[in-house]
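Structure first, commentary second.
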There are 4 protein chains.
Amino acid sequence: MRVLNVGVIGAGRIGRVHAENLAYRVRQAKVVAIADVFPEAAQKLATDLQVAAVYSDPQKLLADRQIDAVAICSSTDTHARLMEDAARAGKHIFCEKPIALDLVKIDEALAAVARAGVKLQIGFNRRFDPSFKRVREIVAAGGVGVPHILRITSRDPAPPPIAYVKVSGGIFVDMTIHDFDMARYLMGCEVEEVYAAGNVLVDPEIGDAGDIDTAVITLRFANGALGVIDNSRKAVYGYDQRVEVFGSAGMALVTNKTPDSVVQSDDVAVHSTKPLHFFVERYAEAYVAEMQEFVQAVLEDKAPPVTGMDGRIPVVMGYAAWKSYREHRPVKLTEISA
Amino acid sequence: MRVLNVGVIGAGRIGRVHAENLAYRVRQAKVVAIADVFPEAAQKLATDLQVAAVYSDPQKLLADRQIDAVAICSSTDTHARLMEDAARAGKHIFCEKPIALDLVKIDEALAAVARAGVKLQIGFNRRFDPSFKRVREIVAAGGVGVPHILRITSRDPAPPPIAYVKVSGGIFVDMTIHDFDMARYLMGCEVEEVYAAGNVLVDPEIGDAGDIDTAVITLRFANGALGVIDNSRKAVYGYDQRVEVFGSAGMALVTNKTPDSVVQSDDVAVHSTKPLHFFVERYAEAYVAEMQEFVQAVLEDKAPPVTGMDGRIPVVMGYAAWKSYREHRPVKLTEISA
Amino acid sequence: MRVLNVGVIGAGRIGRVHAENLAYRVRQAKVVAIADVFPEAAQKLATDLQVAAVYSDPQKLLADRQIDAVAICSSTDTHARLMEDAARAGKHIFCEKPIALDLVKIDEALAAVARAGVKLQIGFNRRFDPSFKRVREIVAAGGVGVPHILRITSRDPAPPPIAYVKVSGGIFVDMTIHDFDMARYLMGCEVEEVYAAGNVLVDPEIGDAGDIDTAVITLRFANGALGVIDNSRKAVYGYDQRVEVFGSAGMALVTNKTPDSVVQSDDVAVHSTKPLHFFVERYAEAYVAEMQEFVQAVLEDKAPPVTGMDGRIPVVMGYAAWKSYREHRPVKLTEISA
Amino acid sequence: MRVLNVGVIGAGRIGRVHAENLAYRVRQAKVVAIADVFPEAAQKLATDLQVAAVYSDPQKLLADRQIDAVAICSSTDTHARLMEDAARAGKHIFCEKPIALDLVKIDEALAAVARAGVKLQIGFNRRFDPSFKRVREIVAAGGVGVPHILRITSRDPAPPPIAYVKVSGGIFVDMTIHDFDMARYLMGCEVEEVYAAGNVLVDPEIGDAGDIDTAVITLRFANGALGVIDNSRKAVYGYDQRVEVFGSAGMALVTNKTPDSVVQSDDVAVHSTKPLHFFVERYAEAYVAEMQEFVQAVLEDKAPPVTGMDGRIPVVMGYAAWKSYREHRPVKLTEISA
């Protein structure tokens, strides 16, 4: 059995998730190096996982000859550049979403990957959740007939820090991007037009930062189906992640996932447990599965399951949603260009 | 105990529902007359319920002096005129929705009711469903905090006959009208703007008749909250009637109602029962409750729970939705005038 | 359409349930007389239902020539005698459970019914609940394969008054009797042996009255299947009525029934509604259905669905359970004789 | 951070589960040696986990001075002897259930552990399942009031091989033992008496081997509460693992765990996913958690959460159940002696 030597760039929360999964739960992978511009963070993660090579400069990691592939988990503004550099260094690439907030930069990065001929997988982890994956399989197998309506509810337990909100690209590019990807994935069809309504209902500071925190987005698919996504930055009961595909022969939906299956009855009501708190808990299995598929794709020279174009299109959808929100009208994706 | 003598106009499906409820399940009411332009229908219902007075001309029923109140259950195009006539005859009025497809007619009918000083209740039966009513109570009591997002899924098991589609006013006025009412009821707030996306996905004949069969409608409420309604004319698994109000302190939702609570497990899956087939089954309790409240309002001289204005506004919303669909843009309710 | 004229004997809680159903919900029945040893109770019910004939002596009701059938809803100690008298009077009989607490009296009553050739149906209402009925149909159709294990949970919301406990025959004859019937009904097979464990955990006064309030009863069926019933006189969350049949090909179970289908989520948990409070609410549909079947059986000269023997056997099971509890050993039903 | 060096004895299915968890999911543990009387099995597991020391003789593993603790995962008949040897070698011990089928051997092994002063934890993994653990916490905190009734349903997806059945000690010692432990754990109280009914309904070969495959066991607790366990060796819909504690203030129950939360509706029914197949999947989290607690108990010199006596008592209960089944009467645990 060959083993893939992976270098992890970015030792923050999501970097740690991927590094631990690669170290403990992906049999054919080995974490051989960790880089972070904060050397203490890199060192801490490396110590925990017994990884020898530690870099504060990601470029040095890219120059490390033992490394076959990199997982880019640094801040969004560094993704595109690191992707280009990694491609030039001949490393296969797993990159967190979004590739960039700028379509020109995305296209340059994807071009560099294409030139280098390395594998690229974008971190749309939700596709690897067992429930969502099964809905996709049901839809693809005709289990709901011809899809007519897609519904996605996606609500975070709490908003990110305002400092992050300011540089995130806003809700549609930072948060809804996952739902845009899920919409394309579940329906197996492109979105042609979006209409986005939104408001600041959770926290006025989010409004002051130029963002919104509550949104309802209507989607029109190329095949004529309709979709709707509703988002909130704050669901007090935890991470609310539900999808539903309705079609001519039935419906498939996913309910929330809970930490236990206890049901308690008393003289007031019947009580069950809140959904898992946030993405690290909710998508624990999905984070493992996406990495397993990435490692397998590289080792077996197969196409990764989430392509560069899968990384680009949801950013376009995010911009179309912002344009729709600002111009108060439905916007076609063709109106958005690099 | 005083008893309210009610005359039922229209002996079709919904007329029979109301007549049976008045006869058997509303203690303080008595059905004393039935009218239908098809005399056989009127006679059949009268025989079943042991009602003595049978008319083929509704005007004769209105002239019947023993009658205190009428339930108008005839075809939509006759509602407004009968309402005016009943008001002039001094009868209290329960009227099925919609009052009319024409706002001028609605306003004339409501004016006649006001002049006569009779009670009027519009048949938005879903408000009286125990589950929806409890969600309204939870929302009104602050149980979800400040409401941020409303979701309504409303799908029929099968489309109506094409002949009916042609005269119905179309999906937004015929079907979504119930959801528009539910939106106002649950949120306790008016809608200011709608954006309607729609398509013909169920049956091309519906498109040929100038209507659509699948829709996603975004609502913007006066208080800044957002809402979304999704409609389909055909859910093969039965009548799909779900609502959800999400707010700053939590969420309240209603799941579908089933004829039994059997769960069957075999080597393939875990199976439970489909939702109740259609409105007569799903809203059986609600039809009784709305009539009980109407009868009580008349006998105790109280304001009925669903007013004439509650009957008018959803029609305005239906027209706004059609305008939005046709002009492919969000439309304010203030753009619609009589 | 012929109509069955029914006289109701006993105007207490269950008498009112049956009388209202016969009056309003069973199309082919008419309540023509009401009798109760408390004349005010009989008169009140008769007034509410607009019934002309009112008797304080049930014998006078039995002598009323217009009456085709009687519903015996008086206190348990009068059932057997009234059944004999009604049979002699040529009236068809619907009789509440239990027929009697004494097997000799039961046998005499059943013999009288047989001699008279009248129809007899015992009031095991739960068989007519849509959920339990569907489980029976699934089991009968082989939907769970060969049945191996039966589970019944049956818990009341609150104990009856101590005065009633003292004359009720005790938990196994008064309360578990319904579960014994359900066991035979669902499995389509007789019970050969019972082992009853019990205790006084809810209220020591119940123990002082010679009864127990908590029980676990093991059943051994003639076909080798096993069953277990658990009972409590007090479930603070409401009437807990669940059954489950497990077999070689799967399982069918029934969950509790609730007044609404609201689900509320907050920062603490997900809350849904408690089960319906007690039998009048829980089995509302079943009470109507059993009466419809009784009336139909008489009018169409068919065998009623719950026979006299169906009324006798659960009493035998109750005595076997008491014997088992007292002698602390499994007891065969053949050990119990009249 | 100190790390616990663990040697795993037994490289079969459960040995692999524990070894992988110790290697990948228990931060403070390291698997340093593996022993199995089948050298290939030991070698394969050692290679997969990159463990250097491999033994075919467990005694050699016990003599390995780098080892702090052992996980005894070999066949049941070797547990007690290995426990004694490990204790004498000064190794802390995690031992799979049952300790032995012979109470004398159990007592000798426990005495050896006590003399050596090493830590011992028995592998009752289900206690560490998040749902069962939470029910225990709810019960301990008074969340159901005073417990009155315990219900456990425990059904395997398929019987073990007949060869295993013959040496397993039979259903009560091999399978129900987990439920006996769960009963004591959830109720926080000892069982005084059992009554076991059973039959051969799944496979006559199991009967030929002197065992049964279907059972209903009544428990009487020291505090007067009652309990019931139902077991089957074959549930075609998967591993059925439900518990329920009912008490004076309410009820807490655990429903089955499924691989996904997809709900599919079509024109026939509403379908959801079967329970996880068997213990490796169902208790994946619990196997990790029990090992984490064992490692922590050793490193922090605390009492392990499942003691030697917790390992002994369920074996006594198993023998009492067999005695009850064979003698067809309730049996007190005090009737069983070493």
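Every chain in the structure tokens has a letter given in the order shown (A, B, ...), and although residue numbers restart at 1 in each chain, ligands are simply numbered from 1 in the order shown.
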Exercise. Tell me the residues of chain D close to chain B, meaning within 8 Å using only C-alpha atoms, as a VMD selection string.
Key: chain D and resid 236 to 238 265 to 274
Practice problem: From the DSSP assignment of the backbone, select every residue of stretch 169-264 of chain D that is helix (DSSP H, G or I), and format the answer as a ChimeraX atom specification. | Solution: /D:171-174,176-187,204-208
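As for atom CA of C:His148 and atom CA of D:Ile206, they are spaced 15.3 Å apart.
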Quiz prompt | Residues flagged strand (DSSP E or B) by DSSP in stretch 44-234 of chain C, as a PyMOL selection string | solution = chain C and resi 53-55+69-72+92-95+120-122+147-155+191-199+214-221+226-232
Practice problem: Please provide as a list in words all residues within 12 Å of A:Ala163, with the sequence filter that same-chain residues fewer than 5 positions apart are discarded (counting only C-alpha atoms). | Solution: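 Result of the neighbour search: Ser168, Gly169, Gly170, Glu205, Ile206, Asp208, Ala209, Gly210 and Asp211 of chain A.
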Can you tell me which residues surround D:Val3 at a distance of at most 7 Å, considering only C-alpha atoms, apart from same-chain residues fewer than 4 positions away, and format the answer as an mmCIF file with all heavy atoms, in the first residue's frame?
```
data_model
loop_
_atom_site.group_PDB
_atom_site.id
_atom_site.type_symbol
_atom_site.label_atom_id
_atom_site.label_comp_id
_atom_site.auth_asym_id
_atom_site.auth_seq_id
_atom_site.Cartn_x
_atom_site.Cartn_y
_atom_site.Cartn_z
ATOM 1 N N GLN D 28 -3.908 9.656 24.791
ATOM 2 C CA GLN D 28 -2.842 9.344 25.741
ATOM 3 C C GLN D 28 -2.443 7.865 25.748
ATOM 4 O O GLN D 28 -1.791 7.408 26.668
ATOM 5 C CB GLN D 28 -3.256 9.791 27.142
ATOM 6 C CG GLN D 28 -3.309 11.326 27.217
ATOM 7 C CD GLN D 28 -3.795 11.788 28.561
ATOM 8 O OE1 GLN D 28 -4.975 11.701 28.868
ATOM 9 N NE2 GLN D 28 -2.867 12.249 29.381
ATOM 10 N N ALA D 29 -2.869 7.139 24.723
ATOM 11 C CA ALA D 29 -2.503 5.722 24.669
ATOM 12 C C ALA D 29 -1.670 5.422 23.430
ATOM 13 O O ALA D 29 -1.782 6.101 22.404
ATOM 14 C CB ALA D 29 -3.757 4.862 24.653
ATOM 15 N N LYS D 30 -0.837 4.378 23.559
ATOM 16 C CA LYS D 30 -0.059 3.922 22.416
ATOM 17 C C LYS D 30 -0.105 2.398 22.428
ATOM 18 O O LYS D 30 0.074 1.783 23.482
ATOM 19 C CB LYS D 30 1.396 4.402 22.570
ATOM 20 C CG LYS D 30 2.187 4.308 21.288
ATOM 21 C CD LYS D 30 3.571 4.900 21.390
ATOM 22 C CE LYS D 30 4.313 4.525 20.107
ATOM 23 N NZ LYS D 30 5.722 4.849 20.177
#
```
